[in-house]
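Visitor: Contents of work_4.cif (mmCIF, C-alpha atoms) are below:
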```cif
data_data
loop_
_atom_site.label_atom_id
_atom_site.label_comp_id
_atom_site.auth_asym_id
_atom_site.auth_seq_id
_atom_site.Cartn_x
_atom_site.Cartn_y
_atom_site.Cartn_z
CA MET A 1003 44.32 -7.15 -48.83
CA GLU A 1004 45.41 -4.83 -45.97
CA THR A 1005 48.89 -5.14 -44.55
CA LEU A 1006 49.36 -5.94 -40.87
CA ASP A 1007 50.84 -2.47 -40.24
CA ARG A 1008 47.76 -0.75 -41.68
CA ILE A 1009 45.46 -2.93 -39.61
CA LEU A 1010 47.40 -2.13 -36.43
CA ASP A 1011 47.34 1.60 -37.24
CA LYS A 1012 43.54 1.65 -37.32
CA ALA A 1013 41.69 2.72 -34.22
CA PRO A 1014 40.24 -0.44 -32.69
CA ALA A 1015 36.47 -0.79 -32.64
CA GLN A 1016 34.84 -0.35 -29.25
CA PRO A 1017 31.50 -1.69 -28.02
CA ALA A 1018 28.94 0.95 -27.06
CA ILE A 1019 28.80 1.93 -23.40
CA SER A 1020 25.50 1.81 -21.53
CA ALA A 1021 23.06 4.70 -21.68
CA HIS A 1022 23.36 5.04 -17.89
CA LEU A 1023 27.14 5.48 -18.05
CA ALA A 1024 26.88 7.89 -20.99
CA ALA A 1025 24.40 10.02 -19.05
CA ARG A 1026 26.66 10.00 -16.00
CA ILE A 1027 29.68 11.14 -18.03
CA GLN A 1028 27.59 13.92 -19.54
CA ARG A 1029 26.24 14.99 -16.16
CA GLU A 1030 29.43 14.75 -14.10
CA PHE A 1031 32.11 15.69 -16.61
CA THR A 1032 31.19 16.77 -20.15
CA THR A 1033 28.99 19.66 -19.03
CA ARG A 1034 31.73 20.86 -16.69
CA TRP A 1035 34.34 20.54 -19.45
CA ASP A 1036 32.24 22.43 -22.01
CA THR A 1037 30.97 25.21 -19.74
CA LEU A 1038 33.24 25.93 -16.78
CA TRP A 1039 36.41 24.84 -18.55
CA GLY A 1040 35.53 26.23 -21.99
CA GLY A 1041 36.44 22.99 -23.77
CA ARG A 1042 40.01 22.95 -22.35
CA SER A 1043 41.53 20.95 -19.54
CA LEU A 1044 41.72 22.82 -16.25
CA LEU A 1045 44.51 20.52 -15.10
CA HIS A 1046 46.72 20.65 -18.20
CA GLY A 1047 47.89 23.98 -19.54
CA ARG A 1048 51.13 24.70 -21.37
CA ASP A 1049 54.17 22.46 -21.51
CA ALA A 1050 56.83 23.59 -19.08
CA GLY A 1051 60.03 24.40 -20.98
CA ALA A 1052 63.59 24.18 -19.76
CA ASP A 1053 63.48 27.73 -18.39
CA ALA A 1054 60.24 27.25 -16.44
CA VAL A 1055 60.07 27.54 -12.66
CA ARG A 1056 58.35 24.30 -11.65
CA LEU A 1057 56.28 24.54 -8.46
CA ASN A 1058 54.05 21.58 -9.28
CA GLY A 1059 55.95 18.64 -7.76
CA ASN A 1060 56.40 17.19 -4.28
CA ASP A 1061 60.15 16.56 -4.16
CA TYR A 1062 60.58 19.02 -1.30
CA LEU A 1063 64.26 18.32 -0.65
CA SER A 1064 65.14 17.96 -4.36
CA LEU A 1065 66.43 14.40 -4.00
CA THR A 1066 65.59 13.17 -7.50
CA GLY A 1067 68.83 12.05 -9.16
CA HIS A 1068 70.85 12.11 -5.92
CA PRO A 1069 73.93 9.97 -6.65
CA ASP A 1070 73.63 7.83 -3.49
CA ILE A 1071 70.03 6.98 -4.35
CA VAL A 1072 70.74 6.28 -8.02
CA ARG A 1073 73.72 4.09 -7.08
CA ALA A 1074 71.65 2.00 -4.66
CA GLN A 1075 68.90 1.62 -7.23
CA THR A 1076 71.14 0.56 -10.09
CA GLU A 1077 73.10 -1.90 -7.96
CA ALA A 1078 69.85 -3.55 -6.91
CA ILE A 1079 68.69 -3.83 -10.52
CA LYS A 1080 71.96 -5.55 -11.47
CA SER A 1081 72.03 -7.99 -8.56
CA ASP A 1082 68.42 -9.04 -7.93
CA ALA A 1083 67.57 -10.95 -11.09
CA GLU A 1084 66.08 -13.87 -9.12
CA PHE A 1085 63.66 -11.76 -7.09
CA VAL A 1086 60.22 -13.31 -6.64
CA ILE A 1087 57.35 -10.86 -7.19
CA GLN A 1088 54.62 -11.62 -4.67
CA SER A 1089 52.26 -10.03 -2.18
CA SER A 1090 54.03 -8.30 0.69
CA VAL A 1091 52.20 -10.57 3.16
CA PHE A 1092 54.62 -13.36 2.18
CA LEU A 1093 57.83 -11.45 2.89
CA LEU A 1094 59.98 -12.95 5.65
CA ASP A 1095 61.68 -10.94 8.37
CA GLU A 1096 65.05 -11.19 6.60
CA HIS A 1097 63.72 -9.43 3.49
CA PRO A 1098 65.18 -5.95 2.77
CA ALA A 1099 61.67 -4.48 2.78
CA ARG A 1100 61.22 -5.58 6.40
CA GLN A 1101 64.49 -3.93 7.34
CA LEU A 1102 63.30 -0.70 5.69
CA GLU A 1103 59.96 -0.91 7.53
CA ARG A 1104 61.72 -1.12 10.88
CA ARG A 1105 64.10 1.74 10.05
CA LEU A 1106 61.22 3.99 9.03
CA ALA A 1107 59.23 3.05 12.12
CA HIS A 1108 62.16 3.81 14.42
CA LEU A 1109 62.71 7.19 12.73
CA LEU A 1110 59.09 8.00 13.56
CA GLY A 1111 59.46 6.79 17.12
CA LYS A 1112 57.26 3.75 16.49
CA GLU A 1113 57.73 0.00 16.99
CA ASP A 1114 57.05 -1.36 13.52
CA GLY A 1115 55.29 -0.65 10.27
CA LEU A 1116 54.33 -1.71 6.76
CA ILE A 1117 55.46 -0.51 3.35
CA CYS A 1118 52.58 -0.16 0.88
CA GLN A 1119 52.21 0.66 -2.80
CA SER A 1120 51.22 4.27 -2.02
CA GLY A 1121 50.17 6.67 0.72
CA TYR A 1122 46.60 6.22 -0.51
CA SER A 1123 46.88 2.45 0.07
CA ALA A 1124 48.42 3.00 3.50
CA ASN A 1125 45.53 5.17 4.69
CA LEU A 1126 42.79 3.08 3.16
CA GLY A 1127 44.26 -0.23 4.33
CA LEU A 1128 45.00 0.91 7.88
CA LEU A 1129 41.53 2.35 8.47
CA GLN A 1130 39.97 -0.78 7.00
CA SER A 1131 41.88 -2.76 9.62
CA ILE A 1132 41.28 -0.61 12.70
CA ALA A 1133 37.68 0.49 12.07
CA ASP A 1134 34.39 -1.21 11.23
CA GLU A 1135 30.66 -0.50 11.26
CA HIS A 1136 30.75 -0.12 15.05
CA THR A 1137 33.50 2.53 14.94
CA VAL A 1138 33.04 6.28 15.01
CA ILE A 1139 35.67 8.21 13.05
CA TYR A 1140 36.22 11.95 13.53
CA MET A 1141 37.76 13.42 10.41
CA ASP A 1142 39.26 16.88 10.01
CA SER A 1143 37.24 18.48 7.21
CA LEU A 1144 40.41 18.92 5.12
CA ALA A 1145 41.79 15.41 5.71
CA HIS A 1146 43.12 13.71 2.58
CA THR A 1147 40.64 11.87 0.35
CA SER A 1148 42.38 8.55 1.02
CA LEU A 1149 41.43 8.87 4.69
CA TRP A 1150 37.78 9.51 3.85
CA GLU A 1151 37.84 6.52 1.52
CA GLY A 1152 39.39 4.38 4.26
CA ALA A 1153 36.54 5.27 6.60
CA ARG A 1154 34.00 4.46 3.89
CA ARG A 1155 35.66 1.14 3.07
CA ALA A 1156 35.64 0.22 6.77
CA GLY A 1157 31.89 0.87 6.94
CA ALA A 1158 32.49 3.26 9.83
CA THR A 1159 30.42 6.31 10.70
CA ALA A 1160 32.51 9.36 9.79
CA HIS A 1161 31.86 12.74 11.42
CA PRO A 1162 33.74 15.75 10.01
CA PHE A 1163 34.90 18.40 12.45
CA ARG A 1164 35.95 21.95 11.66
CA HIS A 1165 39.45 22.23 10.25
CA ASN A 1166 42.13 22.45 12.95
CA ASP A 1167 39.50 23.01 15.66
CA PRO A 1168 40.12 20.77 18.71
CA GLN A 1169 37.27 22.45 20.61
CA HIS A 1170 34.76 21.47 17.93
CA LEU A 1171 36.27 17.97 17.90
CA ASP A 1172 35.76 17.77 21.67
CA ARG A 1173 32.07 18.67 21.31
CA MET A 1174 31.63 16.08 18.56
CA ILE A 1175 33.16 13.32 20.70
CA GLU A 1176 30.99 14.34 23.65
CA ARG A 1177 27.95 13.91 21.41
CA HIS A 1178 28.85 10.69 19.60
CA GLY A 1179 31.28 8.88 21.91
CA PRO A 1180 34.90 7.69 21.68
CA GLY A 1181 36.36 6.59 18.36
CA ILE A 1182 39.28 7.32 16.02
CA VAL A 1183 40.44 10.88 15.28
CA VAL A 1184 42.07 11.40 11.89
CA VAL A 1185 44.22 14.42 10.98
CA ASP A 1186 47.05 15.44 8.65
CA SER A 1187 50.11 16.98 10.27
CA VAL A 1188 50.51 19.39 7.32
CA TYR A 1189 47.50 19.71 5.01
CA SER A 1190 48.12 18.94 1.37
CA THR A 1191 46.08 21.74 -0.19
CA THR A 1192 46.86 24.72 2.05
CA GLY A 1193 50.08 24.00 3.94
CA ALA A 1194 48.31 24.48 7.26
CA VAL A 1195 49.84 22.81 10.33
CA CYS A 1196 47.61 20.74 12.59
CA PRO A 1197 47.58 21.76 16.29
CA LEU A 1198 48.73 18.24 17.10
CA GLU A 1199 49.32 18.67 20.83
CA ALA A 1200 45.79 19.96 21.40
CA MET A 1201 44.36 17.18 19.24
CA VAL A 1202 46.25 14.52 21.17
CA GLN A 1203 45.15 15.99 24.49
CA THR A 1204 41.52 15.92 23.34
CA CYS A 1205 41.89 12.27 22.28
CA GLU A 1206 43.42 11.28 25.61
CA ARG A 1207 40.75 13.10 27.59
CA ARG A 1208 37.94 11.52 25.54
CA GLY A 1209 39.37 8.00 25.22
CA CYS A 1210 39.99 8.12 21.46
CA MET A 1211 42.73 6.73 19.27
CA ILE A 1212 44.42 9.12 16.81
CA LEU A 1213 45.85 8.61 13.32
CA VAL A 1214 48.24 11.27 11.96
CA ASP A 1215 49.07 11.41 8.25
CA GLU A 1216 52.62 12.85 8.04
CA SER A 1217 52.89 12.78 4.24
CA HIS A 1218 53.86 16.46 4.02
CA SER A 1219 56.03 16.69 7.14
CA LEU A 1220 58.04 13.46 6.98
CA GLY A 1221 61.46 14.45 5.67
CA THR A 1222 60.84 18.18 5.89
CA HIS A 1223 60.20 18.70 9.62
CA GLY A 1224 61.63 17.43 12.85
CA PRO A 1225 65.07 16.10 13.82
CA GLN A 1226 66.61 14.20 10.89
CA GLY A 1227 63.32 14.73 9.04
CA ALA A 1228 61.40 12.51 11.45
CA GLY A 1229 58.21 14.59 11.15
CA LEU A 1230 56.10 16.72 13.45
CA CYS A 1231 55.04 13.98 15.86
CA VAL A 1232 58.68 13.44 16.79
CA ALA A 1233 59.44 17.18 16.74
CA LEU A 1234 56.65 17.79 19.25
CA GLY A 1235 57.47 14.75 21.41
CA LEU A 1236 54.12 13.13 20.60
CA SER A 1237 55.09 9.85 18.90
CA GLU A 1238 54.52 7.76 22.03
CA ARG A 1239 51.04 9.31 22.42
CA VAL A 1240 49.95 8.92 18.78
CA HIS A 1241 48.52 5.51 17.94
CA PHE A 1242 49.20 5.39 14.19
CA ILE A 1243 51.32 7.40 11.75
CA THR A 1244 50.99 7.11 7.98
CA ALA A 1245 52.87 8.78 5.14
CA SER A 1246 53.23 8.87 1.40
CA LEU A 1247 56.81 8.24 0.31
CA ALA A 1248 56.13 10.13 -2.94
CA LYS A 1249 56.71 13.53 -1.31
CA ALA A 1250 60.02 14.30 0.41
CA PHE A 1251 61.16 10.71 -0.31
CA ALA A 1252 60.49 11.26 -4.04
CA GLY A 1253 59.64 7.58 -4.48
CA ARG A 1254 56.60 5.44 -5.11
CA ALA A 1255 55.33 3.92 -1.90
CA GLY A 1256 53.48 4.52 1.34
CA PHE A 1257 54.10 3.67 4.98
CA LEU A 1258 51.96 3.00 8.03
CA SER A 1259 53.11 2.41 11.58
CA VAL A 1260 51.66 -0.37 13.70
CA PRO A 1261 52.53 -1.87 17.08
CA SER A 1262 54.52 -5.08 16.61
CA ALA A 1263 51.70 -7.09 18.17
CA MET A 1264 49.27 -5.83 15.52
CA ARG A 1265 51.42 -6.33 12.42
CA ASN A 1266 50.18 -9.78 11.44
CA TYR A 1267 46.60 -8.74 12.12
CA VAL A 1268 46.89 -5.79 9.73
CA LEU A 1269 48.54 -7.99 7.11
CA SER A 1270 45.56 -10.34 7.36
CA THR A 1271 42.89 -7.65 7.08
CA SER A 1272 44.30 -4.81 4.96
CA TYR A 1273 43.21 -5.47 1.39
CA PRO A 1274 45.69 -3.05 -0.25
CA ASN A 1275 48.54 -4.99 1.38
CA MET A 1276 47.07 -8.43 0.78
CA PHE A 1277 46.13 -7.94 -2.85
CA SER A 1278 49.04 -5.80 -4.11
CA SER A 1279 52.51 -6.97 -5.03
CA CYS A 1280 55.41 -5.86 -2.86
CA LEU A 1281 57.80 -3.17 -4.00
CA LEU A 1282 60.58 -4.23 -6.36
CA PRO A 1283 64.15 -4.60 -5.05
CA HIS A 1284 65.42 -1.43 -6.73
CA GLU A 1285 62.53 0.55 -5.20
CA VAL A 1286 63.30 -0.77 -1.71
CA ALA A 1287 67.01 -0.07 -2.18
CA ALA A 1288 66.32 3.46 -3.41
CA LEU A 1289 64.02 4.21 -0.47
CA GLY A 1290 66.59 2.84 1.97
CA ALA A 1291 69.26 5.11 0.51
CA THR A 1292 66.80 8.02 0.49
CA LEU A 1293 66.14 7.54 4.18
CA GLU A 1294 69.83 7.99 4.93
CA VAL A 1295 70.09 11.05 2.68
CA ILE A 1296 67.05 12.61 4.35
CA ARG A 1297 68.45 12.06 7.83
CA ARG A 1298 71.52 14.13 6.98
CA SER A 1299 69.69 16.85 5.00
CA ASP A 1300 69.42 19.50 7.71
CA ALA A 1301 70.81 22.17 5.37
CA GLU A 1302 68.16 21.40 2.76
CA ARG A 1303 65.40 21.53 5.38
CA GLN A 1304 66.65 24.90 6.59
CA ARG A 1305 66.78 26.17 3.01
CA LEU A 1306 63.24 24.94 2.34
CA HIS A 1307 61.88 26.71 5.41
CA ALA A 1308 63.74 29.93 4.54
CA ILE A 1309 62.36 29.85 0.99
CA THR A 1310 58.88 29.25 2.39
CA ARG A 1311 59.09 32.22 4.75
CA ARG A 1312 60.36 34.52 2.01
CA LEU A 1313 57.81 33.60 -0.66
CA ARG A 1314 54.90 33.66 1.76
CA ALA A 1315 55.91 37.08 3.06
CA ASP A 1316 56.26 38.52 -0.44
CA LEU A 1317 52.97 37.07 -1.70
CA THR A 1318 51.15 38.35 1.37
CA GLU A 1319 52.59 41.82 0.81
CA LEU A 1320 51.27 41.71 -2.78
CA GLY A 1321 47.75 41.01 -1.49
CA TYR A 1322 47.48 37.27 -2.09
CA PRO A 1323 45.33 35.65 0.64
CA ILE A 1324 47.52 32.74 1.74
CA HIS A 1325 46.91 33.08 5.48
CA GLN A 1326 45.32 29.62 5.75
CA GLY A 1327 48.77 27.94 5.68
CA THR A 1328 52.35 28.41 6.82
CA GLU A 1329 54.42 25.65 5.24
CA GLN A 1330 55.99 24.75 1.86
CA ILE A 1331 52.57 24.26 0.21
CA ILE A 1332 51.05 27.58 -0.87
CA ALA A 1333 47.45 27.75 -2.08
CA LEU A 1334 46.46 30.52 -4.49
CA GLU A 1335 42.74 29.98 -3.91
CA SER A 1336 41.05 32.01 -6.62
CA GLY A 1337 37.68 30.32 -6.02
CA THR A 1338 35.84 29.29 -9.17
CA GLU A 1339 37.20 27.01 -11.85
CA PRO A 1340 37.06 29.66 -14.62
CA ALA A 1341 38.94 32.14 -12.39
CA THR A 1342 41.56 29.50 -11.63
CA MET A 1343 42.05 28.75 -15.32
CA VAL A 1344 42.75 32.46 -15.91
CA LEU A 1345 45.22 32.47 -13.00
CA ARG A 1346 46.94 29.32 -14.28
CA ASP A 1347 47.26 30.70 -17.81
CA LEU A 1348 48.68 34.03 -16.63
CA LEU A 1349 51.28 32.29 -14.46
CA GLU A 1350 52.26 29.84 -17.18
CA GLU A 1351 52.61 32.66 -19.73
CA ARG A 1352 55.29 33.95 -17.36
CA ASN A 1353 56.92 30.51 -16.99
CA VAL A 1354 55.62 29.79 -13.48
CA PHE A 1355 53.97 26.39 -13.22
CA GLY A 1356 51.86 25.31 -10.26
CA ALA A 1357 49.31 22.49 -10.01
CA VAL A 1358 45.58 23.12 -10.28
CA PHE A 1359 43.49 21.57 -7.50
CA CYS A 1360 39.74 21.39 -8.06
CA ALA A 1361 36.79 19.22 -7.04
CA PRO A 1362 36.93 16.52 -5.79
CA ALA A 1363 40.35 17.45 -4.35
CA THR A 1364 38.79 20.69 -3.07
CA SER A 1365 35.30 22.02 -2.53
CA ARG A 1366 33.59 23.10 -5.74
CA ASN A 1367 34.15 26.83 -5.23
CA ARG A 1368 37.57 26.61 -3.56
CA THR A 1369 39.62 25.81 -6.66
CA MET A 1370 43.26 26.83 -6.50
CA VAL A 1371 46.68 26.85 -8.09
CA ARG A 1372 48.89 25.07 -5.58
CA LEU A 1373 52.55 26.05 -5.41
CA THR A 1374 54.89 23.53 -3.80
CA LEU A 1375 58.39 24.67 -2.92
CA SER A 1376 61.65 22.77 -2.93
CA ALA A 1377 65.07 23.29 -1.40
CA ALA A 1378 66.67 23.60 -4.86
CA LEU A 1379 64.88 26.83 -5.78
CA THR A 1380 67.40 29.58 -6.40
CA ASP A 1381 67.08 33.21 -5.36
CA ALA A 1382 66.76 34.12 -9.03
CA GLU A 1383 63.87 31.69 -9.45
CA LEU A 1384 62.15 33.10 -6.38
CA ASP A 1385 62.60 36.61 -7.76
CA HIS A 1386 61.01 35.44 -11.01
CA VAL A 1387 58.00 33.93 -9.22
CA ILE A 1388 57.48 37.05 -7.14
CA GLY A 1389 57.83 39.24 -10.23
CA ALA A 1390 55.21 37.20 -12.06
CA ALA A 1391 52.87 37.38 -9.07
CA ARG A 1392 53.33 41.16 -8.90
CA GLU A 1393 52.69 41.55 -12.63
CA ILE A 1394 49.44 39.58 -12.69
CA ALA A 1395 48.02 40.87 -9.38
CA PRO A 1396 46.14 43.79 -11.05
CA LEU A 1397 44.67 41.28 -13.53
CA VAL A 1398 43.48 38.59 -11.08
CA LYS A 1399 42.81 40.93 -8.11
CA PRO A 1400 43.63 38.44 -5.32
CA TRP A 1401 42.35 40.90 -2.71
CA ASP A 1402 38.86 40.30 -4.17
CA TRP A 1403 39.01 36.50 -4.11
CA PRO A 1404 36.30 34.90 -1.92
CA LEU A 1405 38.92 33.77 0.60
CA ALA A 1406 40.16 37.34 1.01
CA ARG A 1407 36.63 38.67 1.46
CA ARG A 1408 35.84 36.03 4.08
CA ALA A 1409 39.02 36.93 5.96
CA ARG A 1410 38.03 40.60 6.05
CA VAL A 1411 34.58 39.73 7.36
CA ALA A 1412 36.05 37.49 10.06
CA GLU A 1413 38.51 40.20 11.08
CA ALA A 1414 35.76 42.80 11.29
CA GLN A 1415 33.69 40.51 13.51
CA THR A 1416 36.54 40.13 16.01
CA VAL A 1417 37.15 43.86 16.36
#
```
Can the structure in the file be given as structure tokens, please?
Guide:
Amino acid sequence: METLDRILDKAPAQPAISAHLAARIQREFTTRWDTLWGGRSLLHGRDAGADAVRLNGNDYLSLTGHPDIVRAQTEAIKSDAEFVIQSSVFLLDEHPARQLERRLAHLLGKEDGLICQSGYSANLGLLQSIADEHTVIYMDSLAHTSLWEGARRAGATAHPFRHNDPQHLDRMIERHGPGIVVVDSVYSTTGAVCPLEAMVQTCERRGCMILVDESHSLGTHGPQGAGLCVALGLSERVHFITASLAKAFAGRAGFLSVPSAMRNYVLSTSYPNMFSSCLLPHEVAALGATLEVIRRSDAERQRLHAITRRLRADLTELGYPIHQGTEQIIALESGTEPATMVLRDLLEERNVFGAVFCAPATSRNRTMVRLTLSAALTDAELDHVIGAAREIAPLVKPWDWPLARRARVAEAQTV
């Protein structure tokens, strides 16, 4: 007779999946894994050792482990044993989460807002609440997937417009009528900055509302880290601001701004808010402490921007086509998935670790290794990254990447 331990060690039996699902997995994944990826994961390469330079996270200001944040978190864990876990729609105005929502909203120059489980939930839930099948949504072609999913969930008609092109947006609105314009302030794959003032002017002229996702500028840009809408004096002209708090805030949450008069409406229509539990007390406490740390982190923001300028200048000089962005996100867009796997492996062999972005996060032939910078990077680490990039340049030939060739063609056409 088998012992309980031996029974538990056995792999559990699984019922067979349907033939339809098996065919879909083969068509959409297995063939890609076996051919383009050569039987290895494109997303997971080597383990990063203690001496690795990690450029694959989003903690832009290097706040993880900050003593003020850890202290707030641990004190909340010790003192909130009687906390009731429930949907955030039931939280009263005296709840610490409501205080955090107001503080975040005021930082962004807005009246009020909602804390969500993630930035993805914030975007999906807000668009579900402010759009429906009668709404036209104009989406920057590089807008985050969560925004596209929000439009789909709302049943709205979504029209993409050319990336960062307010003139093309204007022509689209003239053709299809007023609606909601959706942009990122800083784009998550390339580090490109949205021409927000021109976008807002187009919206005002055409009678549109505008939603700005500030996930990659909240904390890193603007006075006290308030983001680009505040930095440009546009908060009072932007209808909605959303953000992931898993970037500069280094937490696990999302935020969306709403006018006070709309708050209860959104709570009653946004499924991600209605059908998800609220954040736990130690998460709320940590985010509250993080907000205060971010507001006084001007030196870290300056360091981050200086690092960004230096690394971008050096990579450009080496022939890497990174002209599509300017901020702390740097895309090494090698093009195909096999080429990106080679690039990833060569970088990781030299202890430089980025994050691979491929379809559906990018277009099929615009795969990249994304490098994200942080304020804690030392000059020695930057020297190491630049040295690795210089060493592998003759092997990966970045000047021959599709993006570089397209840039040369575009430049020739303007001469």
Visitor: Select, counting only C-alpha atoms, all protein, DNA and RNA residues no farther than 8 Å from (59.4, 2.4, -5.4) in file coordinates, and express the selection as a ChimeraX atom specification.
Guide: /A:1119,1253-1255,1281-1282,1284-1286,1288-1289
Visitor: Running the PyMOL selection byres ((chain A and resi 1292-1302) around 7) on this model by hand, what would come out? Give it as a PyMOL selection string.
Guide: chain A and resi 1063+1071+1221+1226-1227+1251+1288-1291+1303-1306+1377
Visitor: At a cut-off of 10 Å, can you tabulate as JSON lines every residue of segment 1284-1347 of chain A near segment 1384-1392 of chain A together with its closest atom pair and the distance in Å to one decimal, using all atoms listed in the file and ordering rows by chain then number?
Guide:
```
{"residue": "A:Ile1309", "atom": "CA", "partner": "A:Leu1384", "partner_atom": "CA", "distance": 8.1}
{"residue": "A:Arg1312", "atom": "CA", "partner": "A:Leu1384", "partner_atom": "CA", "distance": 8.7}
{"residue": "A:Leu1313", "atom": "CA", "partner": "A:Leu1384", "partner_atom": "CA", "distance": 7.2}
{"residue": "A:Arg1314", "atom": "CA", "partner": "A:Ile1388", "partner_atom": "CA", "distance": 9.9}
{"residue": "A:Asp1316", "atom": "CA", "partner": "A:Ile1388", "partner_atom": "CA", "distance": 7.0}
{"residue": "A:Leu1317", "atom": "CA", "partner": "A:Ile1388", "partner_atom": "CA", "distance": 7.1}
{"residue": "A:Glu1319", "atom": "CA", "partner": "A:Arg1392", "partner_atom": "CA", "distance": 9.8}
{"residue": "A:Leu1320", "atom": "CA", "partner": "A:Arg1392", "partner_atom": "CA", "distance": 6.5}
{"residue": "A:Gly1321", "atom": "CA", "partner": "A:Arg1392", "partner_atom": "CA", "distance": 9.3}
{"residue": "A:Tyr1322", "atom": "CA", "partner": "A:Ala1391", "partner_atom": "CA", "distance": 8.8}
{"residue": "A:Leu1345", "atom": "CA", "partner": "A:Ala1391", "partner_atom": "CA", "distance": 9.9}
```
Visitor: So that I can see what lies close to Leu1116 of chain A, please list as a PDB file with C-alpha atoms, in the coordinates of the input the residues with an atom at most 10 Å from it, counting all atoms listed in the file and leaving out residues fewer than 3 positions away in the same chain.
Guide:
```pdb
ATOM      1  CA  SER A1090      54.030  -8.300   0.690  1.00  0.00           C
ATOM      2  CA  VAL A1091      52.200 -10.570   3.160  1.00  0.00           C
ATOM      3  CA  ALA A1099      61.670  -4.480   2.780  1.00  0.00           C
ATOM      4  CA  ARG A1100      61.220  -5.580   6.400  1.00  0.00           C
ATOM      5  CA  LEU A1102      63.300  -0.700   5.690  1.00  0.00           C
ATOM      6  CA  GLU A1103      59.960  -0.910   7.530  1.00  0.00           C
ATOM      7  CA  ARG A1104      61.720  -1.120  10.880  1.00  0.00           C
ATOM      8  CA  LEU A1106      61.220   3.990   9.030  1.00  0.00           C
ATOM      9  CA  ALA A1107      59.230   3.050  12.120  1.00  0.00           C
ATOM     10  CA  ALA A1124      48.420   3.000   3.500  1.00  0.00           C
ATOM     11  CA  LEU A1128      45.000   0.910   7.880  1.00  0.00           C
ATOM     12  CA  THR A1244      50.990   7.110   7.980  1.00  0.00           C
ATOM     13  CA  GLY A1256      53.480   4.520   1.340  1.00  0.00           C
ATOM     14  CA  PHE A1257      54.100   3.670   4.980  1.00  0.00           C
ATOM     15  CA  LEU A1258      51.960   3.000   8.030  1.00  0.00           C
ATOM     16  CA  SER A1259      53.110   2.410  11.580  1.00  0.00           C
ATOM     17  CA  VAL A1260      51.660  -0.370  13.700  1.00  0.00           C
ATOM     18  CA  ARG A1265      51.420  -6.330  12.420  1.00  0.00           C
ATOM     19  CA  VAL A1268      46.890  -5.790   9.730  1.00  0.00           C
ATOM     20  CA  LEU A1269      48.540  -7.990   7.110  1.00  0.00           C
ATOM     21  CA  ASN A1275      48.540  -4.990   1.380  1.00  0.00           C
TER      22      ASN A1275
END
```
Visitor: Within 12 Å of (38.4, 17.3, -8.8) in the file's own coordinates, which protein, DNA or RNA residues have an atom, counting all atoms listed in the file? List them as a list of chain:residue names.
Guide: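 Checking each residue against the 12 Å limit leaves A:Glu1030, A:Phe1031, A:Arg1034, A:Trp1035, A:Ser1043, A:Leu1044, A:Leu1045, A:Thr1147, A:Glu1339, A:Val1358, A:Phe1359, A:Cys1360, A:Ala1361, A:Pro1362, A:Ala1363, A:Thr1364, A:Ser1365, A:Arg1366, A:Asn1367, A:Arg1368, A:Thr1369, A:Met1370.
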Visitor: Skipping near chain neighbours, those fewer than 2 positions away, what residues fall within 8 Å of segment 1182-1192 of chain A using all atoms listed in the file, listed as a PyMOL selection string?
Guide: chain A and resi 1137-1142+1144-1146+1149+1180+1194-1196+1198+1205+1210-1219+1230+1326-1327+1329+1331-1333+1359+1364+1372
Visitor: Can you write out the residues you just picked, keeping C-alpha atoms, as a tab-separated table (two decimals), keeping the file's coordinate frame?
Guide:
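Output saved as selection27.tsv:
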```tsv
chain	number	residue	atom	x	y	z
A	1137	THR	CA	33.50	2.53	14.94
A	1138	VAL	CA	33.04	6.28	15.01
A	1139	ILE	CA	35.67	8.21	13.05
A	1140	TYR	CA	36.22	11.95	13.53
A	1141	MET	CA	37.76	13.42	10.41
A	1142	ASP	CA	39.26	16.88	10.01
A	1144	LEU	CA	40.41	18.92	5.12
A	1145	ALA	CA	41.79	15.41	5.71
A	1146	HIS	CA	43.12	13.71	2.58
A	1149	LEU	CA	41.43	8.87	4.69
A	1180	PRO	CA	34.90	7.69	21.68
A	1194	ALA	CA	48.31	24.48	7.26
A	1195	VAL	CA	49.84	22.81	10.33
A	1196	CYS	CA	47.61	20.74	12.59
A	1198	LEU	CA	48.73	18.24	17.10
A	1205	CYS	CA	41.89	12.27	22.28
A	1210	CYS	CA	39.99	8.12	21.46
A	1211	MET	CA	42.73	6.73	19.27
A	1212	ILE	CA	44.42	9.12	16.81
A	1213	LEU	CA	45.85	8.61	13.32
A	1214	VAL	CA	48.24	11.27	11.96
A	1215	ASP	CA	49.07	11.41	8.25
A	1216	GLU	CA	52.62	12.85	8.04
A	1217	SER	CA	52.89	12.78	4.24
A	1218	HIS	CA	53.86	16.46	4.02
A	1219	SER	CA	56.03	16.69	7.14
A	1230	LEU	CA	56.10	16.72	13.45
A	1326	GLN	CA	45.32	29.62	5.75
A	1327	GLY	CA	48.77	27.94	5.68
A	1329	GLU	CA	54.42	25.65	5.24
A	1331	ILE	CA	52.57	24.26	0.21
A	1332	ILE	CA	51.05	27.58	-0.87
A	1333	ALA	CA	47.45	27.75	-2.08
A	1359	PHE	CA	43.49	21.57	-7.50
A	1364	THR	CA	38.79	20.69	-3.07
A	1372	ARG	CA	48.89	25.07	-5.58
```
Visitor: Name all residues at most 10 Å from Pro1404 of chain A (count only C-alpha atoms; drop same-chain ones fewer than 6 positions away) and give them as a list in words.
Guide: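 Counting only the stated atoms, we get Pro1323, Glu1335, Ser1336, Gly1337, Thr1338, Asn1367, Arg1368 and Arg1410 of chain A.
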Visitor: Find the distance between atom CA of Arg1048 of chain A and atom CA of Val1344 of chain A and write it in Å to one decimal.
Guide: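 Interatomic distance here is 12.7 Å.
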